[in-house]
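Chemist: What follows is entry_5.tsv; its format and atoms are TSV, N, CA and C atoms.
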chain	number	residue	atom	x	y	z
M	1	MET	N	0.85	-1.17	0.00
M	1	MET	CA	0.00	0.00	0.00
M	1	MET	C	0.90	1.23	0.00
M	2	ASP	N	0.72	2.11	-0.97
M	2	ASP	CA	1.50	3.33	-1.03
M	2	ASP	C	1.04	4.30	0.04
M	3	HIS	N	2.01	5.07	0.57
M	3	HIS	CA	1.65	6.07	1.56
M	3	HIS	C	2.67	7.19	1.53
M	4	ASN	N	2.25	8.34	1.99
M	4	ASN	CA	3.14	9.47	2.17
M	4	ASN	C	3.50	9.54	3.64
M	5	GLU	N	4.65	10.12	3.94
M	5	GLU	CA	5.03	10.28	5.34
M	5	GLU	C	4.00	11.11	6.10
M	6	GLU	N	3.28	12.03	5.41
M	6	GLU	CA	2.26	12.84	6.08
M	6	GLU	C	1.10	12.00	6.55
M	7	ASP	N	0.88	10.82	5.94
M	7	ASP	CA	-0.21	9.94	6.31
M	7	ASP	C	0.08	9.17	7.60
M	8	LEU	N	1.33	9.15	8.02
M	8	LEU	CA	1.72	8.33	9.16
M	8	LEU	C	1.69	9.14	10.45
M	9	HIS	N	1.33	8.49	11.53
M	9	HIS	CA	1.23	9.13	12.83
M	9	HIS	C	2.02	8.33	13.85
M	10	SER	N	2.57	9.01	14.82
M	10	SER	CA	3.22	8.36	15.95
M	10	SER	C	2.10	7.83	16.87
M	11	VAL	N	2.17	6.56	17.22
M	11	VAL	CA	1.11	5.94	18.03
M	11	VAL	C	1.74	5.17	19.18
M	12	ARG	N	1.12	5.31	20.34
M	12	ARG	CA	1.54	4.53	21.51
M	12	ARG	C	0.28	4.00	22.18
M	13	ILE	N	0.23	2.69	22.39
M	13	ILE	CA	-0.91	2.07	23.05
M	13	ILE	C	-0.37	1.32	24.26
M	14	THR	N	-0.93	1.64	25.42
M	14	THR	CA	-0.55	0.97	26.65
M	14	THR	C	-1.76	0.22	27.19
M	15	GLY	N	-1.69	-1.10	27.14
M	15	GLY	CA	-2.80	-1.91	27.62
M	15	GLY	C	-2.79	-2.03	29.12
M	16	ARG	N	-3.95	-1.87	29.72
M	16	ARG	CA	-4.10	-2.01	31.18
M	16	ARG	C	-5.33	-2.87	31.42
M	17	GLY	N	-5.12	-4.19	31.49
M	17	GLY	CA	-6.26	-5.09	31.66
M	17	GLY	C	-7.19	-4.96	30.47
M	18	PRO	N	-8.49	-4.74	30.73
M	18	PRO	CA	-9.44	-4.64	29.62
M	18	PRO	C	-9.47	-3.26	28.96
M	19	LYS	N	-8.66	-2.33	29.44
M	19	LYS	CA	-8.64	-0.97	28.89
M	19	LYS	C	-7.27	-0.66	28.32
M	20	ALA	N	-7.22	0.38	27.49
M	20	ALA	CA	-5.95	0.79	26.91
M	20	ALA	C	-5.89	2.31	26.84
M	21	ALA	N	-4.69	2.85	27.03
M	21	ALA	CA	-4.46	4.28	26.84
M	21	ALA	C	-3.86	4.43	25.45
M	22	ILE	N	-4.48	5.27	24.61
M	22	ILE	CA	-4.03	5.46	23.23
M	22	ILE	C	-3.55	6.89	23.07
M	23	VAL	N	-2.32	7.04	22.57
M	23	VAL	CA	-1.73	8.35	22.33
M	23	VAL	C	-1.37	8.43	20.86
M	24	VAL	N	-1.91	9.43	20.15
M	24	VAL	CA	-1.63	9.64	18.74
M	24	VAL	C	-0.94	10.98	18.60
M	25	ASP	N	0.25	10.99	18.00
M	25	ASP	CA	1.03	12.21	17.81
M	25	ASP	C	1.19	12.99	19.10
M	26	GLY	N	1.44	12.27	20.20
M	26	GLY	CA	1.69	12.90	21.49
M	26	GLY	C	0.45	13.34	22.25
M	27	ARG	N	-0.73	13.14	21.68
M	27	ARG	CA	-1.98	13.54	22.34
M	27	ARG	C	-2.76	12.31	22.76
M	28	ARG	N	-3.16	12.27	24.03
M	28	ARG	CA	-3.95	11.15	24.53
M	28	ARG	C	-5.36	11.22	23.93
M	29	VAL	N	-5.81	10.09	23.42
M	29	VAL	CA	-7.15	10.00	22.84
M	29	VAL	C	-8.13	9.80	23.99
M	30	ASP	N	-9.25	10.52	23.94
M	30	ASP	CA	-10.30	10.38	24.95
M	30	ASP	C	-10.70	8.91	25.02
M	31	PRO	N	-10.60	8.29	26.20
M	31	PRO	CA	-10.93	6.86	26.33
M	31	PRO	C	-12.35	6.52	25.89
M	32	GLY	N	-13.28	7.47	25.93
M	32	GLY	CA	-14.65	7.20	25.52
M	32	GLY	C	-14.86	7.30	24.02
M	33	ALA	N	-13.84	7.76	23.29
M	33	ALA	CA	-14.01	7.97	21.85
M	33	ALA	C	-14.01	6.67	21.06
M	34	PHE	N	-13.37	5.63	21.58
M	34	PHE	CA	-13.25	4.38	20.84
M	34	PHE	C	-13.59	3.20	21.73
M	35	LYS	N	-14.19	2.18	21.10
M	35	LYS	CA	-14.54	0.99	21.87
M	35	LYS	C	-13.59	-0.17	21.59
M	36	GLY	N	-12.59	0.06	20.78
M	36	GLY	CA	-11.61	-0.98	20.51
M	36	GLY	C	-10.64	-0.56	19.43
M	37	TYR	N	-9.65	-1.39	19.21
M	37	TYR	CA	-8.67	-1.13	18.16
M	37	TYR	C	-8.12	-2.46	17.65
M	38	ALA	N	-7.58	-2.41	16.45
M	38	ALA	CA	-6.94	-3.59	15.85
M	38	ALA	C	-5.64	-3.13	15.21
M	39	ILE	N	-4.61	-3.90	15.39
M	39	ILE	CA	-3.30	-3.58	14.81
M	39	ILE	C	-2.94	-4.68	13.82
M	40	SER	N	-2.50	-4.28	12.64
M	40	SER	CA	-2.02	-5.26	11.67
M	40	SER	C	-0.74	-4.74	11.04
M	41	HIS	N	0.08	-5.66	10.58
M	41	HIS	CA	1.35	-5.27	9.97
M	41	HIS	C	1.77	-6.36	9.00
M	42	GLN	N	2.05	-5.95	7.77
M	42	GLN	CA	2.57	-6.88	6.78
M	42	GLN	C	3.96	-6.43	6.37
M	43	GLU	N	4.81	-7.38	6.12
M	43	GLU	CA	6.19	-7.08	5.73
M	43	GLU	C	6.20	-6.12	4.54
M	44	GLY	N	7.05	-5.10	4.63
M	44	GLY	CA	7.18	-4.12	3.56
M	44	GLY	C	6.20	-2.97	3.64
M	45	GLU	N	5.29	-3.01	4.61
M	45	GLU	CA	4.30	-1.94	4.77
M	45	GLU	C	4.39	-1.37	6.18
M	46	SER	N	3.87	-0.17	6.33
M	46	SER	CA	3.79	0.44	7.65
M	46	SER	C	2.70	-0.26	8.46
M	47	PRO	N	2.87	-0.33	9.78
M	47	PRO	CA	1.79	-0.89	10.61
M	47	PRO	C	0.51	-0.08	10.41
M	48	GLN	N	-0.62	-0.74	10.57
M	48	GLN	CA	-1.90	-0.06	10.46
M	48	GLN	C	-2.67	-0.30	11.75
M	49	ILE	N	-3.23	0.78	12.29
M	49	ILE	CA	-4.05	0.69	13.49
M	49	ILE	C	-5.43	1.20	13.12
M	50	VAL	N	-6.44	0.39	13.37
M	50	VAL	CA	-7.82	0.79	13.12
M	50	VAL	C	-8.47	1.01	14.48
M	51	LEU	N	-8.95	2.23	14.71
M	51	LEU	CA	-9.64	2.56	15.94
M	51	LEU	C	-11.14	2.43	15.68
M	52	HIS	N	-11.81	1.62	16.47
M	52	HIS	CA	-13.25	1.39	16.29
M	52	HIS	C	-14.01	2.43	17.10
M	53	ALA	N	-14.72	3.29	16.39
M	53	ALA	CA	-15.41	4.41	17.02
M	53	ALA	C	-16.49	3.92	17.97
M	54	GLY	N	-16.58	4.60	19.10
M	54	GLY	CA	-17.64	4.33	20.06
M	54	GLY	C	-18.81	5.26	19.78
M	55	ASP	N	-19.65	5.45	20.77
M	55	ASP	CA	-20.79	6.34	20.61
M	55	ASP	C	-20.35	7.80	20.54
M	56	TYR	N	-19.20	8.08	21.09
M	56	TYR	CA	-18.63	9.42	21.08
M	56	TYR	C	-17.99	9.63	19.71
M	57	THR	N	-18.39	10.62	18.95
M	57	THR	CA	-17.93	10.73	17.57
M	57	THR	C	-16.93	11.85	17.30
M	58	GLU	N	-16.72	12.77	18.24
M	58	GLU	CA	-15.79	13.86	17.97
M	58	GLU	C	-14.36	13.45	18.31
M	59	SER	N	-13.51	13.33	17.31
M	59	SER	CA	-12.10	13.00	17.49
M	59	SER	C	-11.29	13.85	16.54
M	60	VAL	N	-10.13	14.29	16.98
M	60	VAL	CA	-9.27	15.12	16.14
M	60	VAL	C	-7.92	14.43	16.00
M	61	PHE	N	-7.47	14.28	14.75
M	61	PHE	CA	-6.15	13.74	14.48
M	61	PHE	C	-5.40	14.74	13.61
M	62	GLU	N	-4.14	14.94	13.93
M	62	GLU	CA	-3.31	15.81	13.11
M	62	GLU	C	-2.20	14.98	12.48
M	63	GLY	N	-1.82	15.47	11.43
M	63	GLY	CA	-0.67	14.94	10.72
M	63	GLY	C	-0.58	15.40	9.34
M	64	LEU	N	4.22	5.67	14.18
M	64	LEU	CA	4.23	5.87	12.76
M	64	LEU	C	3.53	4.69	12.10
M	65	ALA	N	2.27	4.84	12.48
M	65	ALA	CA	1.39	3.83	11.88
M	65	ALA	C	0.30	4.57	11.13
M	66	ARG	N	-0.28	3.90	10.16
M	66	ARG	CA	-1.42	4.47	9.46
M	66	ARG	C	-2.61	4.31	10.41
M	67	VAL	N	-3.34	5.38	10.65
M	67	VAL	CA	-4.47	5.34	11.57
M	67	VAL	C	-5.76	5.50	10.78
M	68	ALA	N	-6.69	4.60	11.02
M	68	ALA	CA	-8.00	4.67	10.37
M	68	ALA	C	-9.07	4.53	11.43
M	69	VAL	N	-10.14	5.26	11.29
M	69	VAL	CA	-11.27	5.13	12.20
M	69	VAL	C	-12.33	4.32	11.48
M	70	ALA	N	-12.77	3.24	12.12
M	70	ALA	CA	-13.70	2.33	11.47
M	70	ALA	C	-14.93	2.11	12.35
M	71	ASP	N	-16.01	1.83	11.72
M	71	ASP	CA	-17.23	1.44	12.40
M	71	ASP	C	-17.31	-0.07	12.32
M	72	ALA	N	-17.58	-0.72	13.42
M	72	ALA	CA	-17.71	-2.18	13.39
M	72	ALA	C	-18.94	-2.54	12.56
M	73	SER	N	-18.73	-3.31	11.52
M	73	SER	CA	-19.85	-3.66	10.66
M	73	SER	C	-20.42	-5.02	11.05
M	74	ASP	N	-21.66	-5.23	10.70
M	74	ASP	CA	-22.34	-6.49	10.96
M	74	ASP	C	-21.83	-7.52	9.94
M	75	PRO	N	-21.18	-8.61	10.38
M	75	PRO	CA	-20.65	-9.59	9.43
M	75	PRO	C	-21.74	-10.47	8.80
M	76	GLY	N	-22.95	-10.40	9.31
M	76	GLY	CA	-24.03	-11.27	8.83
M	76	GLY	C	-24.27	-11.21	7.34
M	77	PRO	N	-24.49	-10.02	6.75
M	77	PRO	CA	-24.75	-9.97	5.31
M	77	PRO	C	-23.61	-10.53	4.46
M	78	ALA	N	-22.37	-10.23	4.83
M	78	ALA	CA	-21.23	-10.76	4.06
M	78	ALA	C	-21.14	-12.27	4.22
M	79	ALA	N	-21.41	-12.77	5.43
M	79	ALA	CA	-21.38	-14.22	5.65
M	79	ALA	C	-22.49	-14.90	4.85
M	80	ALA	N	-23.65	-14.27	4.78
M	80	ALA	CA	-24.76	-14.85	4.02
M	80	ALA	C	-24.41	-14.95	2.54
M	81	VAL	N	-23.79	-13.92	1.99
M	81	VAL	CA	-23.38	-13.95	0.58
M	81	VAL	C	-22.34	-15.05	0.36
M	82	PHE	N	-21.36	-15.14	1.27
M	82	PHE	CA	-20.32	-16.16	1.16
M	82	PHE	C	-20.94	-17.56	1.20
M	83	LEU	N	-21.81	-17.80	2.18
M	83	LEU	CA	-22.41	-19.13	2.33
M	83	LEU	C	-23.33	-19.47	1.17
M	84	ALA	N	-24.02	-18.49	0.61
M	84	ALA	CA	-24.91	-18.73	-0.53
M	84	ALA	C	-24.12	-19.18	-1.76
M	85	ALA	N	-22.86	-18.80	-1.84
M	85	ALA	CA	-22.03	-19.15	-2.99
M	85	ALA	C	-21.38	-20.53	-2.85
M	86	ILE	N	-21.55	-21.18	-1.70
M	86	ILE	CA	-20.91	-22.48	-1.47
M	86	ILE	C	-21.69	-23.59	-2.17
M	87	ASP	N	-20.98	-24.41	-2.91
M	87	ASP	CA	-21.55	-25.60	-3.55
M	87	ASP	C	-21.53	-26.71	-2.50
M	88	ALA	N	-22.69	-27.21	-2.10
M	88	ALA	CA	-22.79	-28.21	-1.03
M	88	ALA	C	-22.00	-29.48	-1.36
M	89	GLN	N	-22.05	-29.91	-2.62
M	89	GLN	CA	-21.30	-31.11	-3.00
M	89	GLN	C	-19.81	-30.88	-2.87
M	90	GLU	N	-19.35	-29.71	-3.30
M	90	GLU	CA	-17.91	-29.40	-3.22
M	90	GLU	C	-17.47	-29.30	-1.76
M	91	LEU	N	-18.30	-28.72	-0.92
M	91	LEU	CA	-17.97	-28.63	0.51
M	91	LEU	C	-17.86	-30.02	1.12
M	92	GLU	N	-18.82	-30.89	0.82
M	92	GLU	CA	-18.78	-32.24	1.35
M	92	GLU	C	-17.55	-32.99	0.85
M	93	ARG	N	-17.26	-32.86	-0.45
M	93	ARG	CA	-16.11	-33.53	-1.04
M	93	ARG	C	-14.80	-33.04	-0.39
M	94	ALA	N	-14.68	-31.71	-0.23
M	94	ALA	CA	-13.47	-31.14	0.37
M	94	ALA	C	-13.32	-31.55	1.83
M	95	ALA	N	-14.43	-31.55	2.58
M	95	ALA	CA	-14.38	-31.92	4.00
M	95	ALA	C	-14.00	-33.39	4.17
M	96	LEU	N	-14.59	-34.27	3.33
M	96	LEU	CA	-14.27	-35.70	3.43
M	96	LEU	C	-12.84	-36.01	3.01
M	97	ALA	N	-12.24	-35.15	2.20
M	97	ALA	CA	-10.87	-35.37	1.74
M	97	ALA	C	-9.82	-34.76	2.67
M	98	ARG	N	-10.24	-34.09	3.71
M	98	ARG	CA	-9.29	-33.44	4.62
M	98	ARG	C	-8.48	-34.48	5.38
M	99	SER	N	-7.20	-34.19	5.54
M	99	SER	CA	-6.34	-35.12	6.28
M	99	SER	C	-6.62	-35.08	7.79
M	100	ASP	N	-7.25	-34.00	8.25
M	100	ASP	CA	-7.55	-33.88	9.68
M	100	ASP	C	-8.99	-34.32	10.03
M	101	LEU	N	-9.69	-34.96	9.10
M	101	LEU	CA	-11.04	-35.45	9.36
M	101	LEU	C	-10.97	-36.56	10.40
M	102	GLY	N	-11.68	-36.37	11.48
M	102	GLY	CA	-11.70	-37.37	12.54
M	102	GLY	C	-12.75	-38.42	12.29
M	103	THR	N	-12.92	-39.33	13.27
M	103	THR	CA	-13.90	-40.41	13.14
M	103	THR	C	-14.98	-40.33	14.21
M	104	GLY	N	-14.88	-39.37	15.10
M	104	GLY	CA	-15.84	-39.27	16.19
M	104	GLY	C	-17.09	-38.50	15.81
M	105	PRO	N	-18.00	-38.36	16.79
M	105	PRO	CA	-19.21	-37.58	16.57
M	105	PRO	C	-18.86	-36.15	16.16
M	106	ARG	N	-19.60	-35.59	15.27
M	106	ARG	CA	-19.44	-34.21	14.79
M	106	ARG	C	-18.15	-33.99	13.99
M	107	SER	N	-17.40	-35.03	13.66
M	107	SER	CA	-16.15	-34.86	12.92
M	107	SER	C	-16.38	-34.23	11.55
M	108	LEU	N	-17.42	-34.69	10.84
M	108	LEU	CA	-17.70	-34.13	9.52
M	108	LEU	C	-18.10	-32.67	9.63
M	109	THR	N	-18.93	-32.35	10.62
M	109	THR	CA	-19.33	-30.96	10.81
M	109	THR	C	-18.12	-30.09	11.13
M	110	GLU	N	-17.24	-30.56	12.01
M	110	GLU	CA	-16.02	-29.80	12.35
M	110	GLU	C	-15.15	-29.62	11.12
M	111	ALA	N	-15.02	-30.67	10.30
M	111	ALA	CA	-14.22	-30.58	9.08
M	111	ALA	C	-14.83	-29.57	8.10
M	112	MET	N	-16.17	-29.56	8.00
M	112	MET	CA	-16.83	-28.61	7.11
M	112	MET	C	-16.64	-27.18	7.59
M	113	LEU	N	-16.78	-26.96	8.89
M	113	LEU	CA	-16.57	-25.61	9.42
M	113	LEU	C	-15.13	-25.14	9.22
M	114	THR	N	-14.17	-26.04	9.42
M	114	THR	CA	-12.76	-25.70	9.18
M	114	THR	C	-12.55	-25.37	7.71
M	115	GLN	N	-13.15	-26.17	6.83
M	115	GLN	CA	-13.03	-25.93	5.39
M	115	GLN	C	-13.61	-24.57	5.02
M	116	LEU	N	-14.80	-24.24	5.55
M	116	LEU	CA	-15.41	-22.94	5.26
M	116	LEU	C	-14.55	-21.79	5.76
M	117	GLN	N	-13.96	-21.94	6.93
M	117	GLN	CA	-13.07	-20.90	7.45
M	117	GLN	C	-11.87	-20.70	6.53
M	118	GLU	N	-11.30	-21.79	6.06
M	118	GLU	CA	-10.16	-21.68	5.14
M	118	GLU	C	-10.56	-21.01	3.84
M	119	TRP	N	-11.70	-21.39	3.29
M	119	TRP	CA	-12.17	-20.77	2.06
M	119	TRP	C	-12.43	-19.28	2.29
M	120	ALA	N	-12.99	-18.93	3.44
M	120	ALA	CA	-13.25	-17.52	3.74
M	120	ALA	C	-11.95	-16.71	3.80
M	121	ARG	N	-10.86	-17.35	4.24
M	121	ARG	CA	-9.56	-16.66	4.28
M	121	ARG	C	-8.81	-16.76	2.95
M	122	GLY	N	-9.42	-17.41	1.98
M	122	GLY	CA	-8.79	-17.53	0.66
M	122	GLY	C	-7.77	-18.63	0.57
M	123	LEU	N	-7.80	-19.58	1.49
M	123	LEU	CA	-6.83	-20.69	1.47
M	123	LEU	C	-7.36	-21.85	0.64
How would this structure read if it were set down as structure tokens?
Modeler:
Amino acid sequence: MDHNEEDLHSVRITGRGPKAAIVVDGRRVDPGAFKGYAISHQEGESPQIVLHAGDYTESVFEGLARVAVADASDPGPAAAVFLAAIDAQELERAALARSDLGTGPRSLTEAMLTQLQEWARGL
């Protein structure tokens, strides 16, 4: 992902049990402004921090991670589209061919769920 140095911010997150103190560009973020955050980093790219907005919507950022403010979306509609596209025969065939398919109760169901998770991740 291309970026300019102006797009990057200095970020410090200090976790304290179930809460965290977030500082962006030397300014502490109001703890009520966000209900969570996610950090990701891929080789060759700058780290990315997504702050999940809470009910409090006023936040000010000026400008070394890319910072994005996101709203937690309902995964239901995307999951429904994904599942609607699954060919039942192909799922059964793939699950039965798995090397980790067990022989106990619910083994086929567990194999199918694992297969769906892998397909969802593009594996």
Chemist: Just how far from atom C of M:Val81 is atom N of M:Leu108, in Å to one decimal?
Modeler: 22.8 Å
Chemist: Just give me the gap between atom CA of M:Thr103 and atom N of M:Arg121 in Å, one decimal is fine.
Modeler: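 If I compute the distance from atom CA of M:Thr103 to atom N of M:Arg121, I get 24.9 Å.
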Chemist: What is the distance, in Å and to one decimal place, between atom CA of M:Gly36 and atom CA of M:Thr14?
Modeler: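 Answer for the atom CA of M:Gly36 to atom CA of M:Thr14 separation: 12.8 Å.
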Chemist: Edge lengths and centre, in Å to one decimal, as JSON: that's what I need for the box along x, y and z that holds all listed atoms of stretch 21-27 of chain M plus 8 Å on each side.
Modeler:
{"center_x": -1.5, "center_y": 8.2, "center_z": 22.4, "size_x": 22.4, "size_y": 26.7, "size_z": 25.2}
Chemist: With a distance cut-off of 7 Å and all atoms listed in the file, select the neighbouring residues of M:Arg12, excluding the residue or stretch itself and same-chain residues fewer than 6 positions from it, and output the selection as number ranges by chain.
Modeler: M: 21-26, 64
Chemist: Could you tell me which of M:Ala80, M:Ala53, M:Ala88, M:Met112 comes closest to M:Gly32 if we count only N, CA and C atoms?
Modeler: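 Of M:Ala80, M:Ala53, M:Ala88, M:Met112, the one nearest M:Gly32, counting only N, CA and C atoms, is M:Ala53.
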Chemist: Show me, as a PyMOL selection string, the residues that have an atom within 8 Å of M:Leu91 when counting all atoms listed in the file, minus same-chain residues fewer than 3 positions from it.
Modeler: chain M and resi 86-88+94-97+111-112+115-116
Chemist: Measuring atom to atom with only C-alpha atoms, identify which of M:Phe82, M:His9, M:Gly122, M:Gly76 is nearest to M:Pro47.
Modeler: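 Answer, going by the shortest atom-to-atom distance: M:His9.
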